[in-house]
$ cat start.tsv   # TSV, C-alpha atoms
chain	number	residue	atom	x	y	z
A	10	PRO	CA	73.69	-187.06	-63.97
A	11	ARG	CA	72.92	-184.89	-66.96
A	12	CYS	CA	70.39	-182.13	-66.51
A	13	PRO	CA	66.94	-183.21	-67.78
A	14	VAL	CA	65.82	-179.66	-68.58
A	15	THR	CA	66.40	-178.13	-72.01
A	16	PRO	CA	67.31	-174.42	-72.35
A	17	GLY	CA	64.54	-171.83	-72.25
A	18	ILE	CA	62.00	-174.33	-70.99
A	19	ASN	CA	59.22	-171.72	-70.74
A	20	LYS	CA	59.47	-170.66	-74.39
A	21	SER	CA	56.54	-171.72	-76.54
A	22	PRO	CA	56.32	-173.35	-78.94
A	23	MET	CA	59.22	-175.58	-77.98
A	24	ALA	CA	61.89	-176.18	-80.63
A	25	PRO	CA	61.47	-179.49	-82.52
A	26	GLU	CA	64.89	-180.72	-81.41
A	27	ASP	CA	63.95	-180.13	-77.77
A	28	ARG	CA	60.62	-181.88	-78.18
A	29	ALA	CA	62.48	-184.86	-79.61
A	30	VAL	CA	64.57	-185.05	-76.44
A	31	TYR	CA	61.52	-185.48	-74.23
A	32	ILE	CA	59.75	-187.87	-76.59
A	33	ASP	CA	62.86	-190.05	-76.63
A	34	GLY	CA	62.96	-189.98	-72.84
A	35	VAL	CA	59.36	-191.16	-72.56
A	36	VAL	CA	59.88	-193.95	-75.10
A	37	ARG	CA	63.09	-195.18	-73.45
A	38	ALA	CA	61.54	-195.22	-69.98
A	39	VAL	CA	58.26	-196.90	-70.93
A	40	THR	CA	59.68	-199.52	-73.31
A	41	GLY	CA	62.43	-200.31	-70.80
A	42	ALA	CA	59.89	-200.82	-68.03
A	43	VAL	CA	57.73	-202.99	-70.28
A	44	ALA	CA	60.70	-205.11	-71.32
A	45	ALA	CA	61.54	-205.61	-67.63
A	46	GLN	CA	57.87	-206.40	-66.89
A	47	ARG	CA	58.08	-203.73	-64.25
A	48	GLY	CA	54.44	-204.09	-63.26
A	49	PRO	CA	50.91	-204.49	-64.62
A	50	ARG	CA	50.17	-200.75	-64.63
A	51	MET	CA	52.47	-197.83	-65.27
A	52	SER	CA	52.27	-194.12	-65.91
A	53	ALA	CA	54.15	-191.66	-68.11
A	54	THR	CA	53.65	-188.00	-67.22
A	55	LEU	CA	55.25	-185.22	-69.27
A	56	LEU	CA	54.01	-181.81	-68.14
A	57	LEU	CA	56.10	-179.42	-70.17
A	58	PRO	CA	54.43	-176.01	-70.63
A	59	ASP	CA	53.36	-177.18	-74.11
A	60	LEU	CA	51.78	-180.32	-72.61
A	61	ASP	CA	50.10	-178.96	-69.48
A	62	PRO	CA	46.36	-178.58	-70.19
A	63	ARG	CA	46.09	-176.00	-67.41
A	64	LEU	CA	48.14	-173.57	-69.50
A	65	ASP	CA	47.15	-171.71	-72.66
A	66	THR	CA	50.27	-173.05	-74.40
A	67	TYR	CA	48.83	-176.59	-74.45
A	68	ASP	CA	49.58	-178.33	-77.77
A	69	ARG	CA	47.62	-181.54	-78.41
A	70	ARG	CA	49.68	-182.40	-81.50
A	71	PHE	CA	52.74	-182.66	-79.26
A	72	LEU	CA	50.86	-185.13	-77.04
A	73	LEU	CA	49.92	-187.17	-80.11
A	74	ARG	CA	53.56	-187.30	-81.22
A	75	VAL	CA	54.45	-188.80	-77.85
A	76	VAL	CA	51.66	-191.37	-78.18
A	77	TRP	CA	52.55	-192.39	-81.74
A	78	ALA	CA	56.22	-192.72	-80.82
A	79	LEU	CA	55.21	-195.27	-78.17
A	80	ILE	CA	52.84	-197.06	-80.53
A	81	ALA	CA	55.56	-197.34	-83.18
A	82	GLU	CA	57.97	-198.97	-80.73
A	83	PHE	CA	55.38	-201.45	-79.45
A	84	VAL	CA	54.18	-202.40	-82.94
A	85	ALA	CA	57.77	-202.89	-84.10
A	86	GLU	CA	58.06	-205.60	-81.42
A	87	GLY	CA	55.05	-207.39	-82.83
A	88	ASN	CA	52.50	-206.21	-80.26
A	89	ARG	CA	48.81	-205.49	-80.75
A	90	VAL	CA	48.23	-202.10	-79.13
A	91	LYS	CA	44.83	-201.03	-77.82
A	92	VAL	CA	44.79	-197.21	-77.72
A	93	ALA	CA	41.96	-195.93	-75.54
A	94	VAL	CA	40.44	-192.52	-74.85
A	95	GLN	CA	37.42	-191.61	-72.77
A	96	ASN	CA	33.91	-191.78	-74.18
A	97	PRO	CA	32.47	-188.30	-74.92
A	98	SER	CA	28.85	-189.45	-74.80
A	99	LYS	CA	28.78	-191.39	-71.53
A	100	PHE	CA	28.57	-188.32	-69.30
A	101	GLY	CA	27.33	-185.88	-71.91
A	102	GLY	CA	30.69	-184.28	-72.59
A	103	GLN	CA	34.45	-184.26	-72.00
A	104	PRO	CA	37.09	-182.00	-70.49
A	105	ILE	CA	38.18	-179.57	-73.19
A	106	SER	CA	41.76	-180.88	-73.11
A	107	VAL	CA	40.64	-184.28	-74.45
A	108	ALA	CA	37.55	-183.32	-76.46
A	109	GLY	CA	38.00	-184.66	-80.01
A	110	LEU	CA	41.08	-186.67	-79.08
A	111	ARG	CA	39.72	-189.93	-80.44
A	112	ARG	CA	38.91	-188.25	-83.76
A	113	ASN	CA	42.50	-186.96	-83.92
A	114	LEU	CA	43.87	-190.44	-83.28
A	115	GLU	CA	41.63	-191.98	-85.92
A	116	GLU	CA	42.68	-189.35	-88.45
A	117	ASP	CA	46.34	-190.02	-87.72
A	118	ARG	CA	45.72	-193.73	-88.02
A	119	GLN	CA	44.14	-193.33	-91.47
A	120	LEU	CA	46.97	-191.08	-92.67
A	121	SER	CA	49.55	-193.63	-91.50
A	122	ARG	CA	48.00	-196.59	-93.30
A	123	GLU	CA	50.02	-195.99	-96.46
A	124	ASP	CA	53.36	-195.80	-94.61
A	125	TRP	CA	52.69	-198.51	-92.06
A	126	GLY	CA	50.64	-200.82	-94.28
A	127	GLU	CA	46.90	-201.35	-94.09
A	128	GLU	CA	47.12	-204.87	-92.70
A	129	LEU	CA	49.51	-203.90	-89.93
A	130	MET	CA	47.47	-200.85	-88.99
A	131	ASP	CA	44.20	-202.81	-88.97
A	132	GLU	CA	45.58	-205.68	-86.91
A	133	ARG	CA	48.06	-204.00	-84.57
A	134	VAL	CA	46.69	-200.50	-83.77
A	135	ILE	CA	43.14	-200.38	-82.44
A	136	VAL	CA	41.65	-197.05	-81.29
A	137	THR	CA	38.77	-197.42	-78.88
A	138	GLU	CA	37.25	-196.01	-75.70
A	139	ILE	CA	38.23	-196.58	-72.09
A	140	SER	CA	35.87	-199.36	-71.08
A	141	LYS	CA	35.75	-202.94	-69.92
A	142	ALA	CA	34.10	-203.98	-73.19
A	143	ALA	CA	37.11	-202.77	-75.21
A	144	VAL	CA	39.45	-205.43	-73.75
A	145	GLU	CA	40.15	-208.44	-76.00
A	146	LYS	CA	42.30	-211.48	-75.33
A	147	GLN	CA	44.51	-210.84	-78.36
A	148	ASP	CA	45.51	-207.37	-77.09
A	149	ASP	CA	49.10	-207.14	-75.88
A	150	ILE	CA	49.45	-203.57	-74.60
A	151	PHE	CA	46.88	-201.04	-73.43
A	152	LEU	CA	47.67	-197.36	-73.88
A	153	LEU	CA	45.25	-194.88	-72.28
A	154	VAL	CA	45.74	-191.36	-73.60
A	155	SER	CA	45.30	-188.50	-71.14
A	156	PRO	CA	42.42	-189.95	-69.08
A	157	THR	CA	40.99	-186.92	-67.30
A	158	ASN	CA	38.44	-186.69	-64.52
A	159	ALA	CA	36.08	-183.73	-64.64
A	160	THR	CA	33.01	-182.63	-62.76
A	161	SER	CA	30.24	-185.18	-63.44
A	162	ALA	CA	32.54	-187.03	-65.88
A	163	PRO	CA	34.82	-189.29	-63.80
A	164	VAL	CA	36.71	-191.58	-66.16
A	165	VAL	CA	38.66	-193.26	-63.34
A	166	GLY	CA	35.85	-195.78	-62.77
A	167	ASP	CA	35.98	-196.87	-66.41
A	168	ALA	CA	39.77	-197.18	-66.19
A	169	MET	CA	39.46	-199.34	-63.06
A	170	ASP	CA	36.95	-201.65	-64.74
A	171	MET	CA	39.11	-201.89	-67.85
A	172	PHE	CA	42.19	-202.78	-65.82
A	173	GLU	CA	40.34	-205.48	-63.87
A	174	GLU	CA	39.16	-207.01	-67.16
A	175	VAL	CA	42.76	-207.03	-68.44
A	176	LEU	CA	43.82	-209.04	-65.39
A	177	GLU	CA	40.86	-211.41	-65.48
A	178	GLN	CA	41.06	-212.41	-69.14
A	179	THR	CA	44.50	-214.00	-69.11
A	180	ASP	CA	47.56	-214.57	-66.91
A	181	ARG	CA	50.06	-213.37	-69.51
A	182	TYR	CA	51.79	-210.04	-68.98
A	183	ARG	CA	49.84	-207.22	-70.65
A	184	PRO	CA	50.97	-203.76	-69.49
A	185	PHE	CA	48.32	-201.14	-68.81
A	186	ILE	CA	49.88	-197.71	-69.48
A	187	VAL	CA	48.43	-194.25	-68.95
A	188	VAL	CA	49.98	-191.21	-70.64
A	189	ASN	CA	49.52	-187.80	-68.97
A	190	PRO	CA	46.70	-188.94	-66.68
A	191	ARG	CA	44.62	-186.59	-64.52
A	192	LEU	CA	42.73	-189.03	-62.35
A	193	ASP	CA	42.44	-187.21	-59.03
A	194	ASP	CA	38.96	-186.89	-57.54
A	195	VAL	CA	37.14	-183.69	-58.47
A	196	PRO	CA	34.02	-182.07	-56.98
A	197	SER	CA	30.78	-183.38	-58.44
A	198	HIS	CA	27.46	-181.59	-58.14
A	199	SER	CA	25.65	-184.81	-59.12
A	200	ASN	CA	27.47	-186.81	-56.43
A	201	ILE	CA	29.07	-189.19	-58.96
A	202	MET	CA	32.43	-188.94	-57.22
A	203	SER	CA	31.10	-189.10	-53.66
A	204	VAL	CA	32.81	-190.46	-50.57
A	205	GLN	CA	31.56	-193.92	-51.52
A	206	GLY	CA	34.26	-195.78	-53.39
A	207	ARG	CA	36.85	-193.04	-52.91
A	208	ALA	CA	39.32	-195.32	-51.10
A	209	ALA	CA	39.28	-197.78	-54.02
A	210	ARG	CA	39.80	-194.98	-56.55
A	211	VAL	CA	42.70	-193.51	-54.59
A	212	ALA	CA	44.31	-196.94	-54.19
A	213	PHE	CA	43.97	-197.59	-57.94
A	214	VAL	CA	45.56	-194.27	-58.92
A	215	ASN	CA	48.37	-194.57	-56.35
A	216	ALA	CA	49.29	-198.07	-57.53
A	217	PHE	CA	50.61	-196.84	-60.90
A	218	ASP	CA	54.36	-197.01	-61.29
A	219	HIS	CA	55.61	-193.62	-62.52
A	220	VAL	CA	58.19	-194.95	-64.98
A	221	TYR	CA	58.48	-191.50	-66.55
A	222	TYR	CA	57.69	-188.24	-64.80
A	223	TRP	CA	58.55	-184.64	-65.62
A	224	ARG	CA	57.00	-181.46	-64.25
A	225	LEU	CA	58.15	-177.99	-63.36
A	226	LEU	CA	58.10	-176.63	-59.82
A	227	TYR	CA	56.82	-173.10	-59.31
A	228	LYS	CA	56.48	-170.74	-56.40
A	229	ALA	CA	53.33	-171.70	-54.47
A	230	GLY	CA	50.17	-170.18	-55.93
A	231	THR	CA	51.82	-168.95	-59.14
A	232	TRP	CA	53.01	-170.13	-62.56
A	233	TYR	CA	56.19	-168.08	-62.35
A	234	PRO	CA	59.07	-168.18	-61.74
A	235	VAL	CA	60.26	-171.73	-62.37
A	236	ARG	CA	61.97	-172.91	-59.20
A	237	GLY	CA	63.02	-176.33	-60.38
A	238	ALA	CA	61.81	-179.64	-61.77
A	239	LEU	CA	60.75	-183.04	-60.45
A	240	THR	CA	61.79	-185.80	-62.83
A	241	ARG	CA	62.07	-189.53	-63.23
A	242	GLN	CA	63.14	-191.73	-66.12
A	243	TYR	CA	63.11	-195.48	-65.46
A	244	PRO	CA	65.26	-197.17	-64.19
A	245	GLU	CA	66.53	-194.14	-62.29
A	246	PRO	CA	64.77	-192.89	-59.12
A	247	PHE	CA	63.01	-189.54	-58.82
A	248	GLN	CA	65.25	-186.47	-58.90
A	249	VAL	CA	64.65	-182.94	-57.65
A	250	TRP	CA	66.41	-180.22	-59.64
A	251	LYS	CA	66.70	-176.65	-58.34
A	252	ARG	CA	66.94	-173.76	-60.76
A	253	ASN	CA	69.41	-170.89	-60.62
A	254	ALA	CA	67.37	-168.11	-62.25
A	255	GLU	CA	70.35	-165.86	-63.03
A	256	GLU	CA	72.20	-168.53	-64.99
A	257	ASP	CA	69.16	-170.60	-66.09
A	258	SER	CA	70.98	-173.64	-64.73
A	259	TYR	CA	69.82	-176.55	-62.61
A	260	ALA	CA	71.40	-178.39	-59.69
A	261	LEU	CA	70.45	-181.86	-58.53
A	262	VAL	CA	69.52	-181.31	-54.87
A	263	ALA	CA	67.80	-184.58	-53.93
A	264	THR	CA	67.21	-188.13	-55.13
A	265	GLY	CA	64.22	-190.28	-54.21
A	266	ASP	CA	64.06	-193.88	-53.06
A	267	PRO	CA	65.79	-196.48	-55.27
A	268	ASP	CA	62.46	-198.27	-55.83
A	269	GLY	CA	61.23	-195.32	-57.91
A	270	SER	CA	58.38	-194.37	-55.58
A	271	MET	CA	56.98	-190.83	-55.79
A	272	PRO	CA	58.56	-188.51	-53.17
A	273	SER	CA	56.30	-186.59	-50.83
A	274	VAL	CA	55.48	-182.90	-51.23
A	275	GLU	CA	57.43	-182.24	-48.01
A	276	PHE	CA	60.50	-183.99	-49.42
A	277	VAL	CA	60.38	-181.95	-52.63
A	278	ASN	CA	59.80	-178.63	-50.84
A	279	ALA	CA	62.67	-179.25	-48.44
A	280	ALA	CA	64.98	-180.06	-51.35
A	281	ILE	CA	64.07	-176.89	-53.25
A	282	ARG	CA	64.78	-174.75	-50.16
A	283	ARG	CA	68.16	-176.40	-49.66
A	284	PRO	CA	71.24	-174.28	-50.54
A	285	THR	CA	73.09	-175.44	-53.65
A	286	ALA	CA	76.73	-175.26	-54.62
A	287	VAL	CA	77.31	-176.29	-58.24
A	288	ALA	CA	74.53	-176.35	-60.84
A	289	ALA	CA	74.37	-178.19	-64.13
A	290	GLY	CA	73.56	-176.04	-67.13
A	291	ALA	CA	70.33	-176.72	-68.95
A	292	THR	CA	71.12	-178.97	-71.87
A	293	ARG	CA	69.50	-180.97	-74.62
A	294	ALA	CA	69.72	-184.23	-72.72
A	295	SER	CA	67.14	-186.90	-72.15
A	296	GLY	CA	64.77	-185.87	-69.37
A	297	GLY	CA	62.01	-186.69	-67.05
A	298	GLY	CA	56.04	-180.41	-61.10
A	299	GLU	CA	53.15	-179.36	-59.32
A	300	LYS	CA	53.74	-176.10	-57.61
A	301	GLU	CA	56.00	-176.14	-54.61

$ encode --input "start.tsv" --output "structure tokens"
Amino acid sequence: PRCPVTPGINKSPMAPEDRAVYIDGVVRAVTGAVAAQRGPRMSATLLLPDLDPRLDTYDRRFLLRVVWALIAEFVAEGNRVKVAVQNPSKFGGQPISVAGLRRNLEEDRQLSREDWGEELMDERVIVTEISKAAVEKQDDIFLLVSPTNATSAPVVGDAMDMFEEVLEQTDRYRPFIVVNPRLDDVPSHSNIMSVQGRAARVAFVNAFDHVYYWRLLYKAGTWYPVRGALTRQYPEPFQVWKRNAEEDSYALVATGDPDGSMPSVEFVNAAIRRPTAVAAGATRASGGGEKE
């Protein structure tokens, strides 16, 4: 297989031609999974340095390019796309990585009306909040942009309610897609994310099919050096790539289960520690890490 890591992956900002590689990979994986009716809920995670909100290189405009590339493909197939972001007022605020995201999407939507056509934009691209009330029977695809849990602002409950409403309204296939989600439980001083209901939240998050996944692997407890990458691009399984720092090349050292399930931390760590023989040079190929 071709290496899914472009050269100089830690350089920021990333070159436009390299960004295009990853955007294309996301679109191919997600639209392919939707066409195959892979499942009712799926996830696309692209945690390049420019797209990881934990880093100071985070670039929201890059995230929006990924989202609009997906929207364009879905609309071209005649779908009505419901684009949802979390409500800033429900819990009195938002994580900084998504604050103002709905405003950005609405601004982009207005700017695109001339190119896309007002009627198409009004009927096919609806920007709303993550909530049960936002679901309508005429919606075809639901795209949740970077839903992020934060202390006292757990959006996962709203996402669960929204998904249940999608299933209850109609039997027809309507994919529920999250892009760059961060839905793990977080500490809550107000006890909103208490032990009660945790099993249901964990089951909901774990049920997403990771049709696209890309993250770097670092030495434990650090952000440097890059030790490898964990990737997946549907229909392929997960792949673990180990980096040769001297040559800035990557070798495929392990492949996950054929069903595309997420490999365990132990599996990934063992693969990264495994000796490698021949590595594939980083290249501008289509691609798809928490710390080791």

$ atom_distance --input "start.tsv" --atom1 "CA of Pro49 (chain A)" --atom2 "CA of Phe185 (chain A)"
6.0 Å

$ atom_distance --input "start.tsv" --atom1 "CA of Ala78 (chain A)" --atom2 "CA of Asp59 (chain A)"
17.2 Å

$ atom_distance --input "start.tsv" --atom1 "CA of Ser273 (chain A)" --atom2 "CA of Phe247 (chain A)"
10.8 Å

$ residues_near_point --input "start.tsv" --point "(68.6, -172.0, -65.8)" --cutoff "8 Å" --atoms "only C-alpha atoms" --output "list in words"
Pro16, Gly17, Arg252, Asn253, Ala254, Glu255, Glu256, Asp257, Ser258, Tyr259, Gly290 and Ala291 of chain A

$ residues_around --input "start.tsv" --residues "Glu82 (chain A)" --least-positions-apart "3" --cutoff "12 Å" --atoms "only C-alpha atoms" --output "list of chain:residue names"
A:Ile32, A:Asp33, A:Val35, A:Val36, A:Arg37, A:Ala38, A:Val39, A:Thr40, A:Gly41, A:Val43, A:Ala44, A:Val75, A:Val76, A:Trp77, A:Ala78, A:Leu79, A:Ala85, A:Glu86, A:Gly87, A:Asn88, A:Arg89, A:Val90, A:Arg133, A:Val134, A:Ile150

$ residues_around --input "start.tsv" --residues "region 209-218 of chain A" --least-positions-apart "6" --cutoff "9 Å" --atoms "all atoms listed in the file" --output "VMD selection string"
chain A and resid 47 to 53 165 to 166 169 186 to 187 192 to 194 269 to 271

$ closest_residue --input "start.tsv" --among "A:Val274, A:Val164, A:Leu114, A:Val220" --to "Gln46 (chain A)" --atoms "all atoms listed in the file"
A:Val220

$ residues_around --input "start.tsv" --residues "Asp68 (chain A)" --least-positions-apart "3" --cutoff "9 Å" --atoms "only C-alpha atoms" --output "list in words"
Pro22, Pro58, Asp59, Leu60, Asp61, Pro62, Asp65, Phe71 and Leu72 of chain A

$ closest_residue --input "start.tsv" --among "A:Ala93, A:Thr160, A:Leu110, A:His219" --to "Leu73 (chain A)" --atoms "only C-alpha atoms"
A:Leu110

$ residues_near_point --input "start.tsv" --point "(40.8, -184.9, -69.4)" --cutoff "10 Å" --atoms "all atoms listed in the file" --output "ChimeraX atom specification"
/A:62,94-95,103-108,110,154-159,162-164,189-192

$ closest_residue --input "start.tsv" --among "A:Arg69, A:Arg181, A:Arg224, A:Lys20" --to "Lys146 (chain A)" --atoms "only C-alpha atoms"
A:Arg181
